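Below: one structure, written as structure tokens.
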Amino acid sequence: MTDSLRTEHPSSRRWFRSWGLWSLPTPALRYVIIFELLAVAAVVLACLTDVPPTTAHWRWFAVLVGAGAVHLWLTRRTEETRRDSGTGPHMDTSVVWILPAMVLLPAWMAVLSMLLLRVQLYPVARRPLYRYTFGTAGILVAALGSFAVVRLAGVDVTSAFSARDALVLALAGLTYFVINAIAIGGVIALSTPQPTWTVVVGTRRDNAMAALTVCLGALAALAVAHAWLAPLFVVPLLCALDWGALQIENLRGDARTDHKTQLLNSRGWHEQAGRELARSRRLRTTLAVAVLDLDHFKHVNDTWGHPAGDAVLRAVGRVLRETTRQGDVVGRFGGEEFVLLLPDTDLEGAAQVAERIRKGVAAMQVAATDKRGQPVVISDRTTSIGVTAASGLDLDTLLRRADAAVYEAKHGGRNQVRVADLTSEISA
């Protein structure tokens with residue numbers, strides 16, 4: 001028995017050390033741990049000192065948890081799309097249900113309702129657990145800050161609501177907004193080599209969205225306090241807000257999208273790849289870049305016409321979407337050249353992805369029309385792919401390495417994957 005414990009202990013220790021949390025810079029790591037301990041202490045203190053629940057509290061708890069669950073279920077796909085297409089810090093509208101809980105419920109019920117919402121949102125968020133846990137801690141501390149403001153001021157939203165109560169509720173919302181911004185901005189500032197003001201605090205649009213959700217939370221608290229069926233009207237409003245935010249993201253994305261393939265264009269790819277590169281430097285992880293060049297693509301246009309060439313490009317776009325992960329950055333630079341950035345991927349993993357893409361392109365059966373409008377099926381297309389991977393290098397260097405590997409693949413006979421040869425750069 002002792003021997004078995006000794007053999008299991010190193011593996012459990014390796015598992016513990018493999019957590020992404022430990023990849024944070026030391027100042028950011030300390031900040032995260034201290035903040036999460038502060039969140040736990042704040043929750044314990046609030047729960048031990050607050051009033052016991054009443055029948056009304058249980059009714060409000062059920063209404064808020066149920067309405068939040070319905071809201072998340074109705075907007076799940078919209079939320080996923082917003083997270084995937086967003087270009088900055090993300091603000092989900094489920095926050096609207098957190099402030100009413102802090103205003104209406106005892107502390108432990110409010111905390112429980114918030115955690116239930118966060119658990120339901122986690123599969124949609126697709127974030128590493130340590131990041132999602134810290135985000136939850138930031139929301140908890142911010143929410144308990146607004147809870148303290150309401151309790152210390154003695155506001156009772158179920159009775160006649162005065163101008164003073166409105167100011168207190170506004171102050172509670174502002175407290176939530178500021179504490180949450182400090183929590184998230186602090187870890188970004190400590191984990192980013194050269195943080196800018198926009199990176200730390202977010203853009204004007206991000207903060208406007210956050211302020212709007214806080215205001216809606218305050219209105220939801222008043223509505224639920226005076227009419228427990230008020231979420232019947234609040235949920236459709238939030239769904240419309242989510243949909244509207246997605247449309248704004250889509251309009252912004254039009255300038256970043258290649259319309260033939262629905263992949264990112266050069267501008268959009270560089271923007272998103274730049275953010276992934278900054279994250280890689282912050283977390284000291286490896287990322288890979290792959291450049292694809294379709295072999296003899298001019299022959300397709302010359303033989304069957306440009307509409308047939310466009311059909312082949314669209315088919316390649318589908319292959320790229322099907323063979324890459326959700327978080328990979330895939331774009332078309334123009335002509336027959338495509339480029340991928342693969343976060344948290346080493347050279348071997350990137351070569352495997354590139355080989356899947358090469359086989360996927362070779363297997364394409366593209367239905368198109370020729371120059372005379374007659375139906376044709378275009379097959380046996382090939383691609384040459386260059387791959388590189390590193391940690392801490394700039395984007396131009398990675399692209400140059402991958403591009404050089406593409407030329408090696410072309411000169412080596414095409415229809416192959418080549419890994420960048422780093423020995424010449426090292427010797428230089």
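Starting from 1 in every chain, residues are counted up; chains themselves are A, B, ... following the order of the structure tokens, and ligands are numbered from 1 as listed.
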Q: Would you mind listing what lies within 9 Å of A:Asp92 as a ChimeraX atom specification, with only C-alpha atoms counted and same-chain residues fewer than 5 positions away left out?
A: /A:79,83,210,213,242
Keeping only N, CA and C atoms, write those residues as a JSON list (two decimals), in the first residue's frame.
[["chain", "number", "residue", "atom", "x", "y", "z"],
["A", 79, "GLU", "N", -24.71, 34.00, -27.53],
["A", 79, "GLU", "CA", -23.58, 34.25, -26.64],
["A", 79, "GLU", "C", -22.30, 33.60, -27.17],
["A", 83, "ARG", "N", -18.96, 35.70, -28.30],
["A", 83, "ARG", "CA", -17.64, 35.44, -27.71],
["A", 83, "ARG", "C", -16.62, 35.11, -28.80],
["A", 210, "ALA", "N", -20.99, 47.42, -20.26],
["A", 210, "ALA", "CA", -20.99, 47.02, -18.85],
["A", 210, "ALA", "C", -21.91, 47.92, -18.03],
["A", 213, "THR", "N", -25.63, 47.04, -18.65],
["A", 213, "THR", "CA", -26.10, 45.84, -17.97],
["A", 213, "THR", "C", -26.32, 46.10, -16.48],
["A", 242, "ASP", "N", -28.91, 41.06, -26.36],
["A", 242, "ASP", "CA", -27.88, 40.13, -26.84],
["A", 242, "ASP", "C", -27.84, 40.09, -28.35]]
Q | Near-stretch 392-399 of chain A list (10 Å; only C-alpha atoms; drop same-chain fewer than 3 positions) as a PyMOL selection string | A | chain A and resi 270+273-274+277-278+280-282+284-291+339-341+386-389+402-405+420
**Q.** Spatial neighbours of A:Arg356, max dist 12 Å, only C-alpha atoms, sep filter under 2 positions, as a ChimeraX atom specification
**A.** /A:319-324,349-354,358-363,383,385,416-417
Q.
Can you tell me, as a PyMOL selection string, which residues in stretch 194-395 of chain A count as strand (DSSP E or B) by DSSP?
A. chain A and resi 257+264+287-294+329-334+337-342+366-369+375-378+383-390
Q: Tell me which of A:Trp22, A:Tyr176, A:Phe61, A:Phe338 sits closest to A:Leu99, counting only C-alpha atoms.
A: A:Tyr176
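With only C-alpha atoms as the basis for measurement, A:Phe147 is the residue among A:Trp60, A:Trp197, A:Phe147, A:Phe297 that approaches A:Gly173 most closely.
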Q: Just the residues within 10 Å of A:Gly335, please, counting only C-alpha atoms, with nothing from its chain fewer than 5 positions along; format it as a PyMOL selection string.
A: chain A and resi 293-294+297-298+309-310+313
Output C-alpha atoms for every residue in the selection just made, as a compact mmCIF listing (two decimals), in the first residue's frame.
# COMPACT_ATOMS: atom_id res chain seq x y z
CA ASP A 293 -0.53 28.07 -50.71
CA LEU A 294 -2.82 26.22 -53.15
CA PHE A 297 -4.49 27.57 -58.51
CA LYS A 298 -4.08 29.73 -61.62
CA GLY A 309 -11.92 29.29 -58.68
CA ASP A 310 -14.17 31.00 -56.16
CA LEU A 313 -11.66 28.83 -52.40
Q: Within 12 Å of stretch 260-262 of chain A, counting only C-alpha atoms, which residues show up once you throw out same-chain ones fewer than 4 positions away? Write them as a ChimeraX atom specification, please.
A: /A:250,253-256,268,306-321,330-338
Please write the residues from the selection above to a file, keeping C-alpha atoms, as a compact mmCIF listing (two decimals), in the first residue's frame.
# COMPACT_ATOMS: atom_id res chain seq x y z
CA ASN A 250 -21.26 41.40 -37.15
CA GLY A 253 -16.71 42.06 -38.47
CA ASP A 254 -17.69 42.81 -42.08
CA ALA A 255 -14.54 44.90 -42.44
CA ARG A 256 -12.47 41.99 -41.10
CA GLY A 268 -8.92 40.81 -39.27
CA HIS A 306 -13.04 32.55 -61.98
CA PRO A 307 -16.44 31.38 -60.61
CA ALA A 308 -14.97 27.87 -60.44
CA GLY A 309 -11.92 29.29 -58.68
CA ASP A 310 -14.17 31.00 -56.16
CA ALA A 311 -15.94 27.68 -55.53
CA VAL A 312 -12.58 26.03 -54.81
CA LEU A 313 -11.66 28.83 -52.40
CA ARG A 314 -14.96 28.39 -50.56
CA ALA A 315 -14.34 24.65 -50.32
CA VAL A 316 -10.86 25.25 -48.88
CA GLY A 317 -12.43 27.61 -46.33
CA ARG A 318 -14.79 24.81 -45.26
CA VAL A 319 -11.88 22.39 -44.91
CA LEU A 320 -10.02 24.88 -42.71
CA ARG A 321 -13.04 25.42 -40.47
CA VAL A 330 -7.80 31.26 -39.63
CA GLY A 331 -7.62 33.77 -42.47
CA ARG A 332 -7.13 34.32 -46.16
CA PHE A 333 -4.46 36.79 -47.21
CA GLY A 334 -5.69 37.02 -50.79
CA GLY A 335 -5.29 34.96 -53.93
CA GLU A 336 -4.60 31.34 -53.03
CA GLU A 337 -2.77 32.01 -49.74
CA PHE A 338 -4.25 31.13 -46.34
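Shortest separation to A:Gly185 among A:Val155, A:Asp302, A:Val32, A:Arg381 occurs at residue A:Val32, atoms counted being only C-alpha atoms.
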(Q) Residues of stretch 177-401 of chain A classed as alpha helix (DSSP H) by DSSP on the backbone are to be reported as a PyMOL selection string. (A) chain A and resi 177-191+197-201+204-226+231-254+266-283+297-304+306-323+347-362+395-401
Q.
When you look at A:Val366 with a cut-off of 6 Å (counting only C-alpha atoms), what residues show up, excluding the ones that are within fewer than 2 positions of it in the same chain? I need them as a list in words.
A. Met364, Val377 and Ile378 of chain A
Restricted to C-alpha atoms, what would the selected residues look like written as an mmCIF file, in the first residue's frame?
data_model
loop_
_atom_site.group_PDB
_atom_site.id
_atom_site.type_symbol
_atom_site.label_atom_id
_atom_site.label_comp_id
_atom_site.auth_asym_id
_atom_site.auth_seq_id
_atom_site.Cartn_x
_atom_site.Cartn_y
_atom_site.Cartn_z
ATOM 1 C CA MET A 364 -12.258 17.878 -52.004
ATOM 2 C CA VAL A 377 -16.529 18.602 -60.495
ATOM 3 C CA ILE A 378 -13.063 19.844 -59.556
#
Q | Nearest to A:Arg77 by atom-to-atom distance, counting only C-alpha atoms, from A:Asp50, A:Glu355, A:Leu152, A:Trp243 | A | A:Trp243
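If you measure from each of A:Thr54, A:Gln120, A:Thr49, A:Ser384 to A:Trp73 using only C-alpha atoms, the closest one turns out to be A:Gln120.
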Q.
I'd like the contact shell of A:Leu232 - 12 Å cut-off, only C-alpha atoms, skipping same-chain residues fewer than 5 positions apart - returned as a ChimeraX atom specification.
A. /A:63-64,66-68,70-71,220,223-224,227,237-239
